[in-house]
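final10.txt (compact mmCIF, C-alpha atoms and all ligand atoms) appears below.
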# COMPACT_ATOMS: atom_id res chain seq x y z
CA MET A 1 149.83 26.78 76.78
CA LYS A 2 148.64 28.43 73.60
CA ILE A 3 149.18 32.06 72.62
CA ILE A 4 145.82 33.40 71.46
CA ASP A 5 144.76 36.84 70.24
CA CYS A 6 141.22 37.37 71.58
CA HIS A 7 140.17 40.29 69.37
CA VAL A 8 140.52 40.23 65.55
CA HIS A 9 137.90 41.65 63.20
CA LEU A 10 136.39 40.04 60.15
CA VAL A 11 135.14 42.47 57.49
CA GLY A 12 133.77 42.03 53.99
CA ASP A 13 131.75 43.78 51.28
CA GLY A 14 129.58 40.89 50.10
CA SER A 15 131.45 40.71 46.77
CA GLU A 16 131.81 36.92 47.07
CA GLY A 17 128.42 36.29 48.62
CA SER A 18 129.60 36.63 52.23
CA GLY A 19 126.49 38.61 53.17
CA CYS A 20 128.76 41.27 54.73
CA TRP A 21 128.39 44.96 54.09
CA MET A 22 130.20 48.10 55.11
CA SER A 23 129.06 51.69 54.94
CA THR A 24 131.46 54.59 54.37
CA PRO A 25 129.07 57.43 53.52
CA THR A 26 131.34 60.39 54.32
CA LEU A 27 134.84 61.37 53.24
CA TRP A 28 135.99 60.97 56.85
CA LYS A 29 134.63 57.39 56.98
CA LYS A 30 136.31 56.63 53.66
CA ALA A 31 139.61 57.98 55.01
CA MET A 32 139.23 55.85 58.14
CA ALA A 33 138.57 52.75 56.03
CA GLN A 34 141.71 53.53 53.99
CA ALA A 35 143.73 53.94 57.19
CA MET A 36 142.55 50.53 58.40
CA LEU A 37 143.48 48.85 55.12
CA HIS A 38 146.89 50.48 55.28
CA ALA A 39 147.46 49.51 58.92
CA GLY A 40 146.19 45.98 58.33
CA LYS A 41 148.42 45.62 55.21
CA ILE A 42 145.30 44.79 53.20
CA PRO A 43 145.67 45.60 49.46
CA ARG A 44 144.10 48.98 48.53
CA GLN A 45 142.10 47.38 45.71
CA ALA A 46 139.93 45.80 48.41
CA LEU A 47 138.06 49.08 48.77
CA HIS A 48 137.91 50.08 45.11
CA GLY A 49 137.55 46.89 43.12
CA LYS A 50 134.77 45.25 45.14
CA GLN A 51 137.13 42.49 46.27
CA MET A 52 137.01 43.04 50.03
CA ASP A 53 135.69 39.55 50.87
CA ARG A 54 138.58 37.75 49.19
CA LEU A 55 141.44 40.19 49.86
CA TYR A 56 140.56 40.67 53.52
CA ARG A 57 140.27 36.93 54.12
CA GLN A 58 143.51 36.12 52.28
CA THR A 59 145.41 38.83 54.15
CA LEU A 60 144.08 37.67 57.51
CA LEU A 61 145.11 34.05 56.83
CA SER A 62 148.57 35.07 55.66
CA HIS A 63 149.12 37.27 58.77
CA LEU A 64 147.97 34.41 61.01
CA ASP A 65 150.19 31.86 59.24
CA GLY A 66 153.18 34.21 59.55
CA SER A 67 152.57 35.04 63.21
CA VAL A 68 153.62 33.28 66.40
CA LEU A 69 149.97 32.93 67.43
CA ASP A 70 148.52 29.48 68.10
CA GLY A 71 145.09 30.92 67.40
CA LEU A 72 142.94 34.01 67.23
CA VAL A 73 139.34 34.85 68.04
CA LEU A 74 137.64 36.15 64.90
CA LEU A 75 134.64 38.43 65.37
CA ALA A 76 131.30 38.60 63.59
CA GLN A 77 129.30 41.84 63.82
CA ASP A 78 125.51 42.11 64.22
CA VAL A 79 123.50 45.25 63.35
CA PRO A 80 121.95 47.58 65.96
CA HIS A 81 118.42 46.74 67.15
CA ASN A 82 115.85 48.76 69.07
CA ASP A 83 114.48 47.66 72.45
CA ALA A 84 111.61 45.85 70.72
CA GLY A 85 114.16 43.65 68.95
CA ASP A 86 113.83 45.09 65.45
CA PRO A 87 116.91 46.00 63.38
CA ILE A 88 117.61 49.73 63.11
CA SER A 89 120.03 51.77 61.02
CA GLY A 90 123.20 53.25 62.45
CA GLY A 91 125.64 50.37 62.00
CA SER A 92 128.76 50.86 59.91
CA PHE A 93 129.46 47.23 59.02
CA TYR A 94 127.87 43.82 59.23
CA VAL A 95 129.42 40.36 59.34
CA PRO A 96 126.93 37.46 59.52
CA ASN A 97 127.63 34.50 61.78
CA ASP A 98 127.37 32.07 58.84
CA TYR A 99 130.22 33.78 57.02
CA LEU A 100 132.28 33.78 60.23
CA PHE A 101 131.93 29.99 60.54
CA LYS A 102 132.84 29.57 56.87
CA VAL A 103 136.06 31.57 57.27
CA CYS A 104 136.95 29.85 60.57
CA ALA A 105 136.69 26.48 58.79
CA GLU A 106 139.75 27.49 56.74
CA ARG A 107 142.00 27.08 59.81
CA PRO A 108 140.16 24.72 62.16
CA GLY A 109 141.26 25.11 65.77
CA LYS A 110 143.31 28.22 64.97
CA LEU A 111 140.45 30.54 63.96
CA ILE A 112 138.09 30.62 66.95
CA PRO A 113 134.61 31.92 66.06
CA ALA A 114 133.08 34.75 68.12
CA CYS A 115 129.49 35.08 66.93
CA SER A 116 127.56 38.33 67.29
CA ILE A 117 123.88 38.28 68.29
CA HIS A 118 121.95 41.29 69.54
CA PRO A 119 120.33 39.64 72.60
CA ALA A 120 117.06 41.58 72.16
CA ARG A 121 116.55 40.05 68.69
CA LYS A 122 113.36 38.04 68.47
CA ASP A 123 115.34 34.98 67.37
CA ALA A 124 118.24 35.64 69.78
CA LEU A 125 117.99 32.37 71.74
CA ALA A 126 117.49 30.26 68.63
CA GLU A 127 120.46 31.93 66.95
CA LEU A 128 122.56 31.46 70.09
CA ASP A 129 121.75 27.73 70.13
CA ARG A 130 122.57 27.46 66.43
CA CYS A 131 125.93 29.19 66.98
CA ILE A 132 126.75 27.02 70.02
CA GLU A 133 126.04 23.94 67.91
CA ARG A 134 128.34 25.24 65.18
CA GLY A 135 131.18 25.71 67.67
CA ALA A 136 131.01 29.37 68.79
CA LYS A 137 133.08 29.75 71.96
CA VAL A 138 132.72 33.50 72.32
CA LEU A 139 130.03 36.17 71.79
CA LYS A 140 131.15 39.64 70.72
CA LEU A 141 129.08 42.80 71.14
CA LEU A 142 129.63 46.55 71.20
CA PRO A 143 126.73 47.49 73.50
CA ASN A 144 127.16 51.26 73.02
CA CYS A 145 127.23 50.97 69.19
CA LEU A 146 124.64 48.20 68.73
CA ASN A 147 122.21 49.66 71.29
CA VAL A 148 122.42 46.63 73.62
CA HIS A 149 121.39 47.12 77.25
CA CYS A 150 123.02 43.94 78.57
CA SER A 151 121.65 44.31 82.09
CA ASP A 152 118.02 44.53 80.97
CA GLU A 153 116.21 41.87 83.03
CA LYS A 154 114.46 40.60 79.87
CA LEU A 155 117.81 39.28 78.66
CA ARG A 156 118.40 36.95 81.63
CA PRO A 157 117.51 33.74 79.68
CA PHE A 158 120.06 34.68 77.01
CA TRP A 159 122.90 35.07 79.53
CA LYS A 160 121.83 31.94 81.41
CA ARG A 161 122.08 29.94 78.19
CA MET A 162 125.54 31.39 77.53
CA ALA A 163 126.70 30.51 81.05
CA GLU A 164 125.37 26.97 80.64
CA ALA A 165 127.31 26.60 77.38
CA LYS A 166 130.42 28.13 79.08
CA MET A 167 130.64 30.73 76.33
CA LEU A 168 132.76 33.82 76.92
CA PHE A 169 131.38 37.32 76.40
CA LEU A 170 133.80 39.77 74.76
CA CYS A 171 132.15 43.12 75.48
CA HIS A 172 133.33 46.45 74.11
CA THR A 173 133.80 48.91 76.98
CA GLY A 174 134.80 52.58 76.94
CA GLY A 175 134.34 55.07 74.10
CA GLU A 176 134.46 54.15 70.43
CA THR A 177 135.59 56.14 67.41
CA SER A 178 135.52 53.64 64.51
CA VAL A 179 131.80 52.75 64.75
CA PRO A 180 128.90 55.21 65.47
CA VAL A 181 127.79 55.29 69.12
CA LEU A 182 124.01 54.94 69.62
CA SER A 183 123.84 54.37 73.39
CA PRO A 184 126.74 56.11 75.16
CA LYS A 185 125.83 54.90 78.67
CA ASP A 186 126.37 51.29 77.58
CA ALA A 187 130.09 52.03 77.23
CA SER A 188 130.35 51.55 81.01
CA PRO A 189 131.47 48.16 82.35
CA GLU A 190 128.31 48.37 84.51
CA THR A 191 126.48 47.05 81.44
CA MET A 192 128.02 43.60 82.12
CA ARG A 193 126.50 43.20 85.61
CA LEU A 194 123.60 40.94 84.61
CA PRO A 195 125.71 38.62 82.40
CA LEU A 196 128.27 38.44 85.25
CA GLU A 197 125.56 37.67 87.79
CA CYS A 198 124.25 34.93 85.48
CA GLY A 199 127.72 33.35 85.61
CA VAL A 200 129.04 34.40 82.20
CA THR A 201 132.81 34.96 82.04
CA CYS A 202 133.18 38.47 80.61
CA ILE A 203 136.12 40.22 78.97
CA ALA A 204 135.95 44.03 78.92
CA ALA A 205 137.55 45.00 75.62
CA HIS A 206 140.15 47.81 75.75
CA GLY A 207 140.15 47.76 79.57
CA ALA A 208 137.22 50.22 79.53
CA GLY A 209 139.59 53.12 78.84
CA ARG A 210 139.16 56.36 76.95
CA SER A 211 139.09 56.37 73.15
CA LEU A 212 139.42 60.17 72.90
CA LEU A 213 140.78 62.96 75.10
CA THR A 214 137.65 63.82 77.02
CA ASP A 215 135.30 60.79 77.02
CA PRO A 216 134.68 59.09 80.39
CA ASP A 217 137.42 56.84 81.72
CA TYR A 218 135.80 53.68 83.07
CA THR A 219 139.00 51.78 83.94
CA PRO A 220 138.85 52.62 87.70
CA LEU A 221 135.28 51.25 87.77
CA LEU A 222 136.41 48.11 85.95
CA LEU A 223 139.22 47.58 88.49
CA ALA A 224 136.65 47.92 91.31
CA MET A 225 134.43 45.36 89.56
CA PHE A 226 137.38 42.90 89.39
CA LYS A 227 137.06 42.64 93.20
CA GLU A 228 133.36 41.77 92.94
CA TYR A 229 133.56 39.32 90.05
CA PRO A 230 136.40 36.78 89.85
CA HIS A 231 135.22 35.80 86.35
CA LEU A 232 135.64 39.32 84.92
CA TYR A 233 138.66 40.04 82.67
CA ALA A 234 139.90 42.84 80.40
CA ASP A 235 141.62 42.71 77.04
CA ASN A 236 144.52 44.95 76.05
CA SER A 237 143.39 45.30 72.43
CA ALA A 238 144.06 48.57 70.56
CA LEU A 239 146.22 49.83 73.43
CA CYS A 240 149.19 50.49 71.11
CA SER A 241 147.26 53.50 69.73
CA PRO A 242 148.20 57.03 70.87
CA LEU A 243 145.08 57.72 72.97
CA ARG A 244 144.20 54.26 74.28
CA CYS A 245 147.76 53.55 75.47
CA ARG A 246 146.99 55.63 78.58
CA THR A 247 145.11 52.58 79.89
CA VAL A 248 148.24 50.38 79.85
CA SER A 249 149.76 51.46 83.18
CA ARG A 250 146.46 50.73 84.99
CA LEU A 251 146.24 47.24 83.52
CA LEU A 252 149.79 46.51 84.63
CA THR A 253 149.01 47.20 88.32
CA PRO A 254 149.07 44.19 90.70
CA GLU A 255 145.26 44.24 91.15
CA ALA A 256 144.63 44.14 87.38
CA VAL A 257 147.47 42.33 85.64
CA GLY A 258 146.20 38.85 86.57
CA ARG A 259 142.96 39.59 84.69
CA VAL A 260 144.37 40.82 81.39
CA VAL A 261 143.88 38.83 78.17
CA TYR A 262 145.90 39.58 75.05
CA GLY A 263 144.12 41.12 72.04
CA SER A 264 145.29 43.12 69.02
CA ASP A 265 142.07 44.57 67.48
CA TRP A 266 143.53 44.07 63.97
CA PRO A 267 143.11 45.93 61.59
CA ILE A 268 142.68 48.99 63.85
CA PRO A 269 145.71 51.23 63.15
CA ILE A 270 148.56 51.15 65.66
CA SER A 271 151.70 53.21 65.34
CA GLY A 272 153.49 52.62 68.63
CA ALA A 273 154.10 56.38 68.82
CA GLY A 274 151.87 56.74 71.89
CA PRO A 275 153.49 53.90 73.87
CA TRP A 276 156.92 55.30 72.93
CA ALA A 277 155.98 58.88 73.93
CA PHE A 278 154.62 57.63 77.28
CA GLY A 279 157.82 55.65 77.91
CA GLN A 280 156.05 52.28 77.69
CA ILE A 281 158.46 51.02 75.01
CA THR A 282 162.03 52.09 74.23
CA THR A 283 163.08 53.74 70.97
CA ALA A 284 164.76 50.49 69.92
CA GLU A 285 161.58 48.49 70.63
CA TRP A 286 159.48 51.02 68.72
CA LEU A 287 161.75 50.86 65.67
CA LYS A 288 161.92 47.08 65.79
CA GLY A 289 158.12 46.95 65.67
CA MET A 290 157.95 49.50 62.83
CA ASN A 291 160.25 47.24 60.80
CA GLU A 292 158.03 44.23 61.40
CA PRO A 293 155.83 43.81 58.30
CA ASN A 294 153.27 41.48 59.93
CA PRO A 295 150.86 43.65 62.02
CA LEU A 296 149.88 40.70 64.25
CA ARG A 297 153.55 40.07 65.11
CA ARG A 298 154.14 43.80 65.60
CA ASP A 299 151.29 44.25 68.08
CA LEU A 300 152.40 41.19 70.06
CA GLN A 301 156.01 42.44 70.16
CA TRP A 302 154.98 45.84 71.50
CA LYS A 303 152.63 44.37 74.12
CA MET A 304 155.45 42.12 75.34
CA ALA A 305 157.82 45.09 75.41
CA MET A 306 155.26 47.05 77.48
CA GLY A 307 155.70 44.47 80.22
CA PHE A 308 152.58 42.32 79.95
CA PRO A 309 153.66 38.97 81.43
CA MET A 310 153.54 35.73 79.42
CA GLU A 311 150.32 34.64 81.19
CA THR A 312 148.51 37.56 79.49
CA PHE A 313 149.11 35.93 76.11
CA THR A 314 148.10 32.40 77.18
CA ARG A 315 145.24 33.30 79.55
CA LEU A 316 142.52 32.91 76.92
CA SER A 317 143.51 29.31 76.24
CA THR A 318 142.84 28.60 79.94
CA LEU A 319 139.49 30.42 79.81
CA LEU A 320 138.42 28.50 76.70
CA ALA A 321 139.45 25.12 78.12
ZN ZN B 401 137.58 45.83 67.99

Could you render the structure as structure tokens?
Amino acid sequence: MKIIDCHVHLVGDGSEGSGCWMSTPTLWKKAMAQAMLHAGKIPRQALHGKQMDRLYRQTLLSHLDGSVLDGLVLLAQDVPHNDAGDPISGGSFYVPNDYLFKVCAERPGKLIPACSIHPARKDALAELDRCIERGAKVLKLLPNCLNVHCSDEKLRPFWKRMAEAKMLFLCHTGGETSVPVLSPKDASPETMRLPLECGVTCIAAHGAGRSLLTDPDYTPLLLAMFKEYPHLYADNSALCSPLRCRTVSRLLTPEAVGRVVYGSDWPIPISGAGPWAFGQITTAEWLKGMNEPNPLRRDLQWKMAMGFPMETFTRLSTLLA
């Protein structure tokens, strides 16, 4: 059984021809980007010297090589589109599928490509076929940030094709603070109903929990949906952060724990302070993680300390088989 992290971001600035871009127009966005570099242990020059493509990729590979992971799912990022299928502004970063495949080729079998295709795009089905041919096993979307209404009947052929190819759908659920939200209602796990009905195995990222203090908490709805759909799962990515860690106890309940898939959400900052304050990890476990220089190892250590059973960490290898 392989230990796989199902949720790791790829980012770039196009400096080496990746085609990626990132937008940090405000001081707050710049500060957030700095915080992510710091948390991800990515050299600071990445942001200032136009070297993000290379430094991000090198750091990711070195974290993976120094981790206990047998593999990780690396995520592309499409841009938002309107309902007519035309690209619109409002995205904060873009990672093309072609660049994703190029990076994944650096560690074949260990870097698992998750393509990103807005399903309302005019070329969505053609791009999906192209990505399937190139070995994409997973599709990643943030419906609330990319303005995707997954349960729009028009999208049925897209989900049918995914089900036929046995591709997994990693779907952001719950609030979001790192990327602008364009369609708040699509944060609900309800958005996955049509893909689920078409037979697509879905993973609700972050267990549909809150990202802030007051945004809606969709985890109870997700747990109810587990009863309806045996092929619905949740990931525990970003749950070492102070606000999201409130979702942990719900995912450890008997009705949910058998559906949880391990994910880190690197390079999203994690401090372990929240899990420690909520009594999910001991002081000794917190300090041990803080002394761990590799953020992928640190996240895994804390999730194990929280009590997620071993199957959580190997479940994705079963789903991908
Ligand atoms: Zn993420």

Surrounding residues of Met22 in chain A excluding itself and chain neighbours under 5 positions, 9 Å, all atoms listed in the file, as a compact mmCIF listing (two decimals) with C-alpha atoms, in the coordinates of the input:
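Saved as selection-v9.txt:
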# COMPACT_ATOMS: atom_id res chain seq x y z
CA VAL A 11 135.14 42.47 57.49
CA GLY A 12 133.77 42.03 53.99
CA ASP A 13 131.75 43.78 51.28
CA GLY A 14 129.58 40.89 50.10
CA GLY A 91 125.64 50.37 62.00
CA SER A 92 128.76 50.86 59.91
CA PHE A 93 129.46 47.23 59.02
CA TYR A 94 127.87 43.82 59.23
CA VAL A 95 129.42 40.36 59.34

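In this comparison, which uses only C-alpha atoms, the residue of A:Gly40, A:Pro25, A:Ser317, A:Arg246 approaching Phe278 in chain A most closely is A:Arg246.
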
request  = Enumerate residues in contact with ligand ZN 401 (chain B): an atom-to-atom distance of at most 7 Å, counting all atoms listed in the file. Format the result as a PyMOL selection string.
outcome  = chain A and resi 7-9+265

ask   = Near Cys150 in chain A, counting only C-alpha atoms, which residues have an atom at most 10 Å away, once you skip same-chain residues fewer than 6 positions from it, shown as a ChimeraX atom specification?
value = /A:118-120,141,143,156,158-159,171,186,190-195

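Residue nearest Asp299 in chain A within the list A:Leu243, A:Val181, A:Ala39, A:Ala31: A:Ala39 [criterion: smallest interatomic distance, all atoms listed in the file].
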
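CA of Gly174 in chain A lies 19.5 Å from CA of Glu255 in chain A.
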
Please identify all polymer residues lying at most 6 Å from the point (132.8, 33.9, 73.4) (file coordinates), using all atoms listed in the file, and present the result as a PDB file with C-alpha atoms, in the coordinates of the input.
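Result saved to result.pdb:
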ATOM      1  CA  ALA A 114     133.080  34.750  68.120  1.00  0.00           C
ATOM      2  CA  LYS A 137     133.080  29.750  71.960  1.00  0.00           C
ATOM      3  CA  VAL A 138     132.720  33.500  72.320  1.00  0.00           C
ATOM      4  CA  LEU A 139     130.030  36.170  71.790  1.00  0.00           C
ATOM      5  CA  MET A 167     130.640  30.730  76.330  1.00  0.00           C
ATOM      6  CA  LEU A 168     132.760  33.820  76.920  1.00  0.00           C
ATOM      7  CA  PHE A 169     131.380  37.320  76.400  1.00  0.00           C
TER       8      PHE A 169
END

query = To one decimal place, how far is CA of Ile4 in chain A from CA of Leu222 in chain A in Å?
reply = 22.7 Å

How would range 286-297 of chain A read, as a compact mmCIF listing (two decimals), in the coordinates of the input, once all heavy atoms are built in?
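Written out: selection.txt:
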# COMPACT_ATOMS: atom_id res chain seq x y z
N TRP A 286 160.41 50.37 69.67
CA TRP A 286 159.48 51.02 68.72
C TRP A 286 159.93 50.75 67.28
O TRP A 286 159.15 50.31 66.44
CB TRP A 286 159.42 52.53 69.02
CG TRP A 286 158.43 53.26 68.17
CD1 TRP A 286 157.30 52.75 67.58
CD2 TRP A 286 158.48 54.65 67.81
NE1 TRP A 286 156.63 53.74 66.89
CE2 TRP A 286 157.34 54.91 67.01
CE3 TRP A 286 159.36 55.69 68.10
CZ2 TRP A 286 157.08 56.17 66.48
CZ3 TRP A 286 159.09 56.95 67.57
CH2 TRP A 286 157.97 57.19 66.79
N LEU A 287 161.23 51.02 67.03
CA LEU A 287 161.75 50.86 65.67
C LEU A 287 161.70 49.40 65.22
O LEU A 287 161.39 49.12 64.06
CB LEU A 287 163.18 51.40 65.58
CG LEU A 287 163.29 52.93 65.81
CD1 LEU A 287 164.75 53.37 65.83
CD2 LEU A 287 162.52 53.69 64.72
N LYS A 288 161.97 48.51 66.14
CA LYS A 288 161.92 47.08 65.79
C LYS A 288 160.50 46.70 65.33
O LYS A 288 160.32 46.02 64.32
CB LYS A 288 162.31 46.24 67.03
CG LYS A 288 162.48 44.78 66.72
CD LYS A 288 162.91 43.98 67.95
CE LYS A 288 162.84 42.49 67.63
NZ LYS A 288 162.27 41.70 68.70
N GLY A 289 159.51 47.22 66.06
CA GLY A 289 158.12 46.95 65.67
C GLY A 289 157.78 47.59 64.33
O GLY A 289 157.10 46.97 63.50
N MET A 290 158.25 48.81 64.10
CA MET A 290 157.95 49.50 62.83
C MET A 290 158.52 48.73 61.65
O MET A 290 158.01 48.79 60.54
CB MET A 290 158.51 50.93 62.85
CG MET A 290 157.77 51.87 63.80
SD MET A 290 155.98 51.93 63.53
CE MET A 290 155.88 53.00 62.11
N ASN A 291 159.63 48.02 61.89
CA ASN A 291 160.25 47.24 60.80
C ASN A 291 159.64 45.86 60.64
O ASN A 291 160.05 45.11 59.76
CB ASN A 291 161.77 47.11 61.06
CG ASN A 291 162.47 48.43 60.83
OD1 ASN A 291 162.10 49.18 59.92
ND2 ASN A 291 163.45 48.75 61.66
N GLU A 292 158.69 45.53 61.48
CA GLU A 292 158.03 44.23 61.40
C GLU A 292 156.85 44.32 60.43
O GLU A 292 155.89 45.03 60.70
CB GLU A 292 157.56 43.81 62.81
CG GLU A 292 156.64 42.60 62.85
CD GLU A 292 157.22 41.37 62.16
OE1 GLU A 292 158.24 40.86 62.63
OE2 GLU A 292 156.65 40.93 61.13
N PRO A 293 156.91 43.64 59.30
CA PRO A 293 155.83 43.81 58.30
C PRO A 293 154.50 43.17 58.69
O PRO A 293 153.46 43.58 58.18
CB PRO A 293 156.41 43.14 57.04
CG PRO A 293 157.50 42.24 57.51
CD PRO A 293 158.00 42.78 58.81
N ASN A 294 154.52 42.17 59.57
CA ASN A 294 153.27 41.48 59.93
C ASN A 294 152.63 42.20 61.13
O ASN A 294 153.16 42.19 62.24
CB ASN A 294 153.58 40.01 60.28
CG ASN A 294 152.32 39.21 60.59
OD1 ASN A 294 151.36 39.72 61.14
ND2 ASN A 294 152.35 37.93 60.23
N PRO A 295 151.45 42.86 60.92
CA PRO A 295 150.86 43.65 62.02
C PRO A 295 150.49 42.83 63.25
O PRO A 295 150.49 43.36 64.36
CB PRO A 295 149.62 44.29 61.39
CG PRO A 295 149.41 43.65 60.08
CD PRO A 295 150.66 42.94 59.68
N LEU A 296 150.20 41.53 63.08
CA LEU A 296 149.88 40.70 64.25
C LEU A 296 151.15 40.45 65.07
O LEU A 296 151.12 40.47 66.31
CB LEU A 296 149.26 39.36 63.83
CG LEU A 296 147.87 39.42 63.17
CD1 LEU A 296 147.41 38.03 62.76
CD2 LEU A 296 146.84 40.07 64.09
N ARG A 297 152.27 40.24 64.40
CA ARG A 297 153.55 40.07 65.11
C ARG A 297 153.96 41.36 65.79
O ARG A 297 154.47 41.38 66.90
CB ARG A 297 154.66 39.66 64.14
CG ARG A 297 154.49 38.26 63.57
CD ARG A 297 155.62 37.96 62.60
NE ARG A 297 156.85 37.70 63.31
CZ ARG A 297 157.40 36.50 63.44
NH1 ARG A 297 156.83 35.45 62.87
NH2 ARG A 297 158.52 36.34 64.10
